[in-house]
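Data file: final_37.cif. Format and content: mmCIF, C-alpha atoms; chains and numbers go by the auth columns.
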```
data_run
#
loop_
_atom_site.group_PDB
_atom_site.id
_atom_site.type_symbol
_atom_site.label_atom_id
_atom_site.label_comp_id
_atom_site.label_asym_id
_atom_site.label_seq_id
_atom_site.Cartn_x
_atom_site.Cartn_y
_atom_site.Cartn_z
_atom_site.B_iso_or_equiv
_atom_site.auth_seq_id
_atom_site.auth_asym_id
ATOM 1 C CA GLY A 1 0.000 0.000 0.000 0.00 1 A
ATOM 2 C CA CYS A 2 0.845 3.685 -0.191 0.00 2 A
ATOM 3 C CA ASP A 3 2.827 4.998 2.739 0.00 3 A
ATOM 4 C CA ARG A 4 3.353 8.587 1.544 0.00 4 A
ATOM 5 C CA VAL A 5 1.316 11.290 -0.214 0.00 5 A
ATOM 6 C CA LEU A 6 2.690 13.856 -2.678 0.00 6 A
ATOM 7 C CA THR A 7 0.578 16.993 -3.145 0.00 7 A
ATOM 8 C CA ILE A 8 1.001 20.169 -5.193 0.00 8 A
ATOM 9 C CA ASP A 9 -0.139 23.597 -3.989 0.00 9 A
ATOM 10 C CA LEU A 10 -2.731 22.666 -1.399 0.00 10 A
ATOM 11 C CA HIS A 11 -5.337 25.412 -1.106 0.00 11 A
ATOM 12 C CA ALA A 12 -4.943 25.259 2.678 0.00 12 A
ATOM 13 C CA GLN A 13 -1.874 23.822 4.428 0.00 13 A
ATOM 14 C CA GLN A 14 -4.140 22.431 7.158 0.00 14 A
ATOM 15 C CA ILE A 15 -5.342 19.723 4.729 0.00 15 A
ATOM 16 C CA GLN A 16 -2.131 17.842 5.535 0.00 16 A
ATOM 17 C CA GLY A 17 -3.528 17.180 9.010 0.00 17 A
ATOM 18 C CA PHE A 18 -6.288 14.953 7.588 0.00 18 A
ATOM 19 C CA PHE A 19 -3.817 12.279 6.497 0.00 19 A
ATOM 20 C CA ASP A 20 -2.513 9.609 8.837 0.00 20 A
ATOM 21 C CA ILE A 21 0.547 9.007 6.617 0.00 21 A
ATOM 22 C CA PRO A 22 3.362 11.449 5.740 0.00 22 A
ATOM 23 C CA VAL A 23 2.428 14.246 3.326 0.00 23 A
ATOM 24 C CA ASP A 24 4.983 15.946 1.096 0.00 24 A
ATOM 25 C CA HIS A 25 3.697 19.291 -0.141 0.00 25 A
ATOM 26 C CA LEU A 26 5.246 20.551 -3.375 0.00 26 A
ATOM 27 C CA TRP A 27 4.740 23.864 -5.173 0.00 27 A
ATOM 28 C CA ALA A 28 4.237 24.305 -8.908 0.00 28 A
ATOM 29 C CA ARG A 29 6.026 27.663 -8.767 0.00 29 A
ATOM 30 C CA PRO A 30 9.461 26.370 -9.910 0.00 30 A
ATOM 31 C CA VAL A 31 8.102 25.005 -13.202 0.00 31 A
ATOM 32 C CA LEU A 32 5.796 27.987 -13.761 0.00 32 A
ATOM 33 C CA GLU A 33 8.694 30.307 -12.978 0.00 33 A
ATOM 34 C CA GLU A 34 10.757 28.789 -15.804 0.00 34 A
ATOM 35 C CA ALA A 35 8.025 29.771 -18.246 0.00 35 A
ATOM 36 C CA VAL A 36 7.775 33.267 -16.768 0.00 36 A
ATOM 37 C CA ARG A 37 11.538 33.801 -16.936 0.00 37 A
ATOM 38 C CA GLY A 38 11.487 32.863 -20.628 0.00 38 A
ATOM 39 C CA ALA A 39 8.763 35.375 -21.505 0.00 39 A
ATOM 40 C CA GLY A 40 10.987 38.468 -21.589 0.00 40 A
ATOM 41 C CA LEU A 41 8.978 40.456 -19.038 0.00 41 A
ATOM 42 C CA GLU A 42 10.613 43.787 -18.191 0.00 42 A
ATOM 43 C CA ASN A 43 10.379 46.103 -15.195 0.00 43 A
ATOM 44 C CA LEU A 44 8.466 43.276 -13.526 0.00 44 A
ATOM 45 C CA VAL A 45 5.904 43.669 -10.765 0.00 45 A
ATOM 46 C CA VAL A 46 4.314 40.595 -9.175 0.00 46 A
ATOM 47 C CA CYS A 47 0.732 41.246 -8.138 0.00 47 A
ATOM 48 C CA SER A 48 -1.729 39.413 -5.923 0.00 48 A
ATOM 49 C CA PRO A 49 -5.328 39.613 -7.187 0.00 49 A
ATOM 50 C CA ASP A 50 -6.503 40.010 -3.585 0.00 50 A
ATOM 51 C CA VAL A 51 -5.171 40.451 -0.057 0.00 51 A
ATOM 52 C CA GLY A 52 -5.426 36.702 0.619 0.00 52 A
ATOM 53 C CA GLY A 53 -2.779 35.891 -1.988 0.00 53 A
ATOM 54 C CA VAL A 54 -0.101 38.279 -0.718 0.00 54 A
ATOM 55 C CA LYS A 55 2.087 35.567 0.833 0.00 55 A
ATOM 56 C CA LEU A 56 2.262 33.672 -2.474 0.00 56 A
ATOM 57 C CA ALA A 57 2.861 36.860 -4.501 0.00 57 A
ATOM 58 C CA ARG A 58 5.631 37.902 -2.085 0.00 58 A
ATOM 59 C CA ALA A 59 7.371 34.531 -2.610 0.00 59 A
ATOM 60 C CA TRP A 60 7.134 34.986 -6.388 0.00 60 A
ATOM 61 C CA ALA A 61 8.420 38.577 -6.163 0.00 61 A
ATOM 62 C CA LYS A 62 11.395 37.541 -4.036 0.00 62 A
ATOM 63 C CA SER A 63 12.304 34.700 -6.379 0.00 63 A
ATOM 64 C CA LEU A 64 12.003 36.879 -9.501 0.00 64 A
ATOM 65 C CA ASP A 65 13.627 39.920 -7.840 0.00 65 A
ATOM 66 C CA ALA A 66 10.521 41.948 -8.667 0.00 66 A
ATOM 67 C CA SER A 67 8.383 44.576 -6.960 0.00 67 A
ATOM 68 C CA LEU A 68 5.104 43.642 -5.261 0.00 68 A
ATOM 69 C CA ALA A 69 1.595 44.989 -5.794 0.00 69 A
ATOM 70 C CA ILE A 70 -1.859 44.036 -4.512 0.00 70 A
ATOM 71 C CA VAL A 71 -5.288 44.565 -6.009 0.00 71 A
ATOM 72 C CA ASP A 72 -7.510 45.804 -3.215 0.00 72 A
ATOM 73 C CA LYS A 73 -10.797 43.924 -3.607 0.00 73 A
ATOM 74 C CA ARG A 74 -13.884 45.037 -1.747 0.00 74 A
ATOM 75 C CA ARG A 75 -17.080 43.006 -1.737 0.00 75 A
ATOM 76 C CA THR A 76 -20.314 44.937 -1.906 0.00 76 A
ATOM 77 C CA SER A 77 -22.402 41.789 -1.366 0.00 77 A
ATOM 78 C CA GLY A 78 -22.039 38.017 -1.497 0.00 78 A
ATOM 79 C CA GLU A 79 -22.023 37.956 -5.299 0.00 79 A
ATOM 80 C CA ASP A 80 -20.932 41.448 -6.324 0.00 80 A
ATOM 81 C CA VAL A 81 -17.241 42.298 -6.281 0.00 81 A
ATOM 82 C CA VAL A 82 -15.830 45.781 -6.722 0.00 82 A
ATOM 83 C CA MET A 83 -12.116 46.307 -7.165 0.00 83 A
ATOM 84 C CA GLU A 84 -11.158 49.843 -6.340 0.00 84 A
ATOM 85 C CA ASN A 85 -7.428 50.190 -5.902 0.00 85 A
ATOM 86 C CA VAL A 86 -3.958 48.846 -6.622 0.00 86 A
ATOM 87 C CA ILE A 87 -1.478 49.002 -3.771 0.00 87 A
ATOM 88 C CA GLY A 88 1.937 49.430 -5.377 0.00 88 A
ATOM 89 C CA GLU A 89 3.190 50.947 -8.624 0.00 89 A
ATOM 90 C CA VAL A 90 2.275 49.200 -11.902 0.00 90 A
ATOM 91 C CA ASP A 91 2.215 52.095 -14.392 0.00 91 A
ATOM 92 C CA GLY A 92 4.613 51.339 -17.252 0.00 92 A
ATOM 93 C CA CYS A 93 5.492 47.906 -15.814 0.00 93 A
ATOM 94 C CA ASP A 94 4.974 44.332 -16.913 0.00 94 A
ATOM 95 C CA VAL A 95 2.806 42.655 -14.284 0.00 95 A
ATOM 96 C CA LEU A 96 2.579 38.999 -13.297 0.00 96 A
ATOM 97 C CA LEU A 97 -0.639 38.078 -11.478 0.00 97 A
ATOM 98 C CA THR A 98 -0.195 35.000 -9.279 0.00 98 A
ATOM 99 C CA ASP A 99 -2.673 32.768 -7.473 0.00 99 A
ATOM 100 C CA ASP A 100 -3.028 29.152 -6.391 0.00 100 A
ATOM 101 C CA MET A 101 -6.036 28.465 -8.624 0.00 101 A
ATOM 102 C CA ILE A 102 -8.464 29.832 -11.173 0.00 102 A
ATOM 103 C CA SER A 103 -11.981 28.684 -10.322 0.00 103 A
ATOM 104 C CA THR A 104 -14.596 30.842 -12.068 0.00 104 A
ATOM 105 C CA GLY A 105 -12.009 33.338 -13.346 0.00 105 A
ATOM 106 C CA GLY A 106 -13.857 36.387 -12.006 0.00 106 A
ATOM 107 C CA THR A 107 -11.287 37.696 -9.539 0.00 107 A
ATOM 108 C CA ILE A 108 -8.219 37.235 -11.731 0.00 108 A
ATOM 109 C CA THR A 109 -9.925 38.675 -14.838 0.00 109 A
ATOM 110 C CA GLN A 110 -11.090 41.755 -12.939 0.00 110 A
ATOM 111 C CA ALA A 111 -7.612 42.152 -11.459 0.00 111 A
ATOM 112 C CA ALA A 112 -6.051 42.022 -14.955 0.00 112 A
ATOM 113 C CA ARG A 113 -8.500 44.687 -16.170 0.00 113 A
ATOM 114 C CA ILE A 114 -7.763 47.071 -13.331 0.00 114 A
ATOM 115 C CA LEU A 115 -4.005 46.599 -13.795 0.00 115 A
ATOM 116 C CA LYS A 116 -4.349 47.602 -17.460 0.00 116 A
ATOM 117 C CA GLU A 117 -6.468 50.589 -16.408 0.00 117 A
ATOM 118 C CA LYS A 118 -3.707 51.594 -13.975 0.00 118 A
ATOM 119 C CA GLY A 119 -1.159 51.631 -16.814 0.00 119 A
ATOM 120 C CA ALA A 120 0.427 48.169 -16.792 0.00 120 A
ATOM 121 C CA ASN A 121 2.184 47.333 -20.068 0.00 121 A
ATOM 122 C CA ARG A 122 1.879 43.558 -20.290 0.00 122 A
ATOM 123 C CA VAL A 123 -0.228 41.537 -17.871 0.00 123 A
ATOM 124 C CA CYS A 124 0.453 37.812 -17.522 0.00 124 A
ATOM 125 C CA ILE A 125 -0.995 35.268 -15.103 0.00 125 A
ATOM 126 C CA ALA A 126 0.641 32.251 -13.426 0.00 126 A
ATOM 127 C CA VAL A 127 -1.580 29.842 -11.498 0.00 127 A
ATOM 128 C CA ALA A 128 -0.982 26.340 -10.139 0.00 128 A
ATOM 129 C CA HIS A 129 -4.447 24.834 -10.678 0.00 129 A
ATOM 130 C CA ALA A 130 -6.870 25.546 -13.523 0.00 130 A
ATOM 131 C CA VAL A 131 -10.183 24.401 -12.031 0.00 131 A
ATOM 132 C CA LEU A 132 -12.107 26.393 -14.681 0.00 132 A
ATOM 133 C CA CYS A 133 -15.690 25.948 -13.522 0.00 133 A
ATOM 134 C CA GLY A 134 -18.805 27.842 -14.583 0.00 134 A
ATOM 135 C CA PRO A 135 -18.045 30.873 -16.781 0.00 135 A
ATOM 136 C CA ALA A 136 -14.243 30.608 -16.363 0.00 136 A
ATOM 137 C CA ARG A 137 -13.389 29.815 -19.994 0.00 137 A
ATOM 138 C CA GLU A 138 -15.485 32.676 -21.339 0.00 138 A
ATOM 139 C CA ARG A 139 -14.054 35.092 -18.774 0.00 139 A
ATOM 140 C CA LEU A 140 -10.474 34.057 -19.517 0.00 140 A
ATOM 141 C CA ALA A 141 -11.118 34.393 -23.258 0.00 141 A
ATOM 142 C CA GLU A 142 -12.008 38.060 -22.606 0.00 142 A
ATOM 143 C CA CYS A 143 -9.259 38.620 -20.020 0.00 143 A
ATOM 144 C CA PRO A 144 -6.663 41.237 -21.057 0.00 144 A
ATOM 145 C CA ALA A 145 -3.802 38.996 -19.901 0.00 145 A
ATOM 146 C CA GLU A 146 -1.344 38.243 -22.687 0.00 146 A
ATOM 147 C CA ILE A 147 -0.447 34.779 -21.331 0.00 147 A
ATOM 148 C CA ILE A 148 -2.123 32.616 -18.687 0.00 148 A
ATOM 149 C CA TRP A 149 0.256 29.915 -17.452 0.00 149 A
ATOM 150 C CA VAL A 150 -1.311 27.007 -15.569 0.00 150 A
ATOM 151 C CA SER A 151 0.169 23.700 -14.461 0.00 151 A
ATOM 152 C CA ASN A 152 -1.175 20.373 -15.700 0.00 152 A
ATOM 153 C CA THR A 153 -2.293 19.233 -12.231 0.00 153 A
ATOM 154 C CA ILE A 154 -5.867 19.219 -13.596 0.00 154 A
ATOM 155 C CA PRO A 155 -6.515 17.786 -17.088 0.00 155 A
ATOM 156 C CA LEU A 156 -7.981 20.424 -19.434 0.00 156 A
ATOM 157 C CA GLU A 157 -10.286 19.508 -22.287 0.00 157 A
ATOM 158 C CA GLY A 158 -12.542 21.299 -24.737 0.00 158 A
ATOM 159 C CA ASP A 159 -12.271 24.886 -25.942 0.00 159 A
ATOM 160 C CA LEU A 160 -9.523 26.747 -24.136 0.00 160 A
ATOM 161 C CA PRO A 161 -8.550 30.396 -24.566 0.00 161 A
ATOM 162 C CA PRO A 162 -5.535 30.750 -26.910 0.00 162 A
ATOM 163 C CA THR A 163 -3.717 32.686 -24.168 0.00 163 A
ATOM 164 C CA LEU A 164 -3.813 29.666 -21.822 0.00 164 A
ATOM 165 C CA LYS A 165 -0.503 27.777 -21.765 0.00 165 A
ATOM 166 C CA THR A 166 -0.042 24.536 -19.816 0.00 166 A
ATOM 167 C CA VAL A 167 3.225 23.864 -18.000 0.00 167 A
ATOM 168 C CA SER A 168 3.996 20.280 -16.964 0.00 168 A
ATOM 169 C CA VAL A 169 4.719 19.394 -13.334 0.00 169 A
ATOM 170 C CA ALA A 170 5.971 15.930 -14.384 0.00 170 A
ATOM 171 C CA PRO A 171 9.687 16.855 -14.054 0.00 171 A
ATOM 172 C CA LEU A 172 9.028 18.278 -10.574 0.00 172 A
ATOM 173 C CA LEU A 173 7.208 15.117 -9.481 0.00 173 A
ATOM 174 C CA ALA A 174 9.979 12.947 -10.950 0.00 174 A
ATOM 175 C CA ARG A 175 12.644 14.853 -9.010 0.00 175 A
ATOM 176 C CA ALA A 176 10.545 14.618 -5.840 0.00 176 A
ATOM 177 C CA VAL A 177 10.053 10.850 -6.173 0.00 177 A
ATOM 178 C CA THR A 178 13.773 10.390 -6.822 0.00 178 A
ATOM 179 C CA ARG A 179 14.680 12.437 -3.732 0.00 179 A
ATOM 180 C CA ILE A 180 12.154 10.515 -1.589 0.00 180 A
ATOM 181 C CA HIS A 181 13.600 7.216 -2.859 0.00 181 A
ATOM 182 C CA ARG A 182 17.109 8.397 -1.976 0.00 182 A
ATOM 183 C CA GLU A 183 15.871 9.731 1.384 0.00 183 A
ATOM 184 C CA GLU A 184 17.018 13.237 0.427 0.00 184 A
ATOM 185 C CA SER A 185 15.412 16.563 1.351 0.00 185 A
ATOM 186 C CA LEU A 186 12.553 17.800 -0.822 0.00 186 A
ATOM 187 C CA SER A 187 13.072 21.386 0.269 0.00 187 A
ATOM 188 C CA ALA A 188 16.139 21.518 -1.996 0.00 188 A
ATOM 189 C CA LEU A 189 13.712 21.470 -4.954 0.00 189 A
ATOM 190 C CA PHE A 190 12.545 24.954 -3.968 0.00 190 A
ATOM 191 C CA TRP A 191 15.863 26.610 -3.133 0.00 191 A
ATOM 192 C CA GLU A 192 17.716 28.751 -5.649 0.00 192 A
ATOM 193 C CA GLY A 193 19.190 26.379 -8.180 0.00 193 A
ATOM 194 C CA GLY A 194 17.609 23.351 -6.491 0.00 194 A
ATOM 195 C CA SER A 195 16.673 21.434 -9.621 0.00 195 A
ATOM 196 C CA SER A 196 18.476 18.176 -8.854 0.00 196 A
#
```

Would you mind giving the structure from this file in structure tokens?
Amino acid sequence: GCDRVLTIDLHAQQIQGFFDIPVDHLWARPVLEEAVRGAGLENLVVCSPDVGGVKLARAWAKSLDASLAIVDKRRTSGEDVVMENVIGEVDGCDVLLTDDMISTGGTITQAARILKEKGANRVCIAVAHAVLCGPARERLAECPAEIIWVSNTIPLEGDLPPTLKTVSVAPLLARAVTRIHREESLSALFWEGGSS
């Protein structure tokens, strides 16, 4: 039987507590970051689409040696969302929006629009999981983001926006399994240069 679980970008770290066997939690960021680094983004600002994603955006910004911004999202009711402000400077910059998942696509699409309104040059998105439920595909098709990078943790079928690019986590999982087999540290996968 299985005596270990490998996960990628858990929505809440506390989920690990529901397992009675060891859980190794990986992040898709290293493979997504390779794609981002190859895109030629200049004067880069990493932006969280809401206050809840600041920790993730800060990790991205540190790794990419970029500035940090936050879209200030205010809810007017349970269903209506109004985005009013960007905390940080994005005018004349290329902006990378980061999040752990795209569900319905509403928050990230609105964030991309407001960033363009605030003067961002290029807006790109990098997200671990493309859940894409409800109106997500239609929203992403109309999203002003130039590229939307998602990992292949969730199989995607049917009509997808041409801006959506899938990045494989297979090499990351292979390295993790190898390190587990050798009883080596997995944290080395997420350090600078830790691709062994």

> Taking the file as shown, what set of residues would the PyMOL selection byres ((chain A and resi 55-71) around 9) give back, as a VMD selection string?
Replying inline: chain A and resid 29 33 37 43 to 54 72 to 73 83 to 90 95 97 to 100 111 114 to 115 192

>> Applying the PyMOL selection byres ((chain A and resi 6) around 10) to the file I just gave you, which residues come out? Please list them as a ChimeraX atom specification.
In response: /A:4-5,7-8,22-26,173,176-177

> Do you know which residues the PyMOL selection byres ((chain A and resi 141) around 9) returns on this file, as a PyMOL selection string?
Replying inline: chain A and resi 136-140+142-144+160-164

>> Tell me which residues come within 7 Å of (-0.7, 27.2, -22.3), as a VMD selection string, counting only C-alpha atoms in the file's coordinates.
In response: chain A and resid 148 to 150 163 to 167

Residues near Ala28 in chain A, cut-off 7 Å, all atoms listed in the file, skip fewer than 4 positions along chain, as a tab-separated table (two decimals) with C-alpha atoms, keeping the file's coordinate frame:
```
chain	number	residue	atom	x	y	z
A	8	ILE	CA	1.00	20.17	-5.19
A	9	ASP	CA	-0.14	23.60	-3.99
A	32	LEU	CA	5.80	27.99	-13.76
A	128	ALA	CA	-0.98	26.34	-10.14
A	151	SER	CA	0.17	23.70	-14.46
A	169	VAL	CA	4.72	19.39	-13.33
```

Step by step, gather every atom of range 146-152 of chain A that the file lists, find the box along x, y and z that holds them, add 5 Å on each side, and finally give centre and edge lengths in Å to one decimal, as AutoDock Vina command-line options.
```
--center_x -0.9 --center_y 29.3 --center_z -18.6 --size_x 12.4 --size_y 27.9 --size_z 18.2
```

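Proximity to Leu96 in chain A was assessed for A:Asn121, A:Thr153, A:Gln110, A:Thr178 counting all atoms listed in the file; the smallest distance is recorded for A:Asn121.
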
> Rounded to one decimal in Å, what is the spacing between CA of Glu42 in chain A and CA of Ala112 in chain A?
Replying inline: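 Taking CA of Glu42 in chain A as the start and CA of Ala112 in chain A as the end point, the length is 17.1 Å.
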
> In Å, with one decimal, what is the gap from CA of Arg179 in chain A to CA of Leu10 in chain A?
Replying inline: 20.3 Å

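Note that the spacing between CA of Ile125 in chain A and CA of Gly106 in chain A amounts to 13.3 Å.
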
>> Let me make sure I understand: among A:Ile21, A:Ile108, A:Ala174, A:Val131, which one has the smallest atom-to-atom distance to Ala145 in chain A if we use only C-alpha atoms?
In response: A:Ile108

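Each of A:Gly119, A:Gly38, A:Gly105, A:Pro171 was compared to Cys93 in chain A using all atoms listed in the file, and A:Gly119 turns out to be the nearest.
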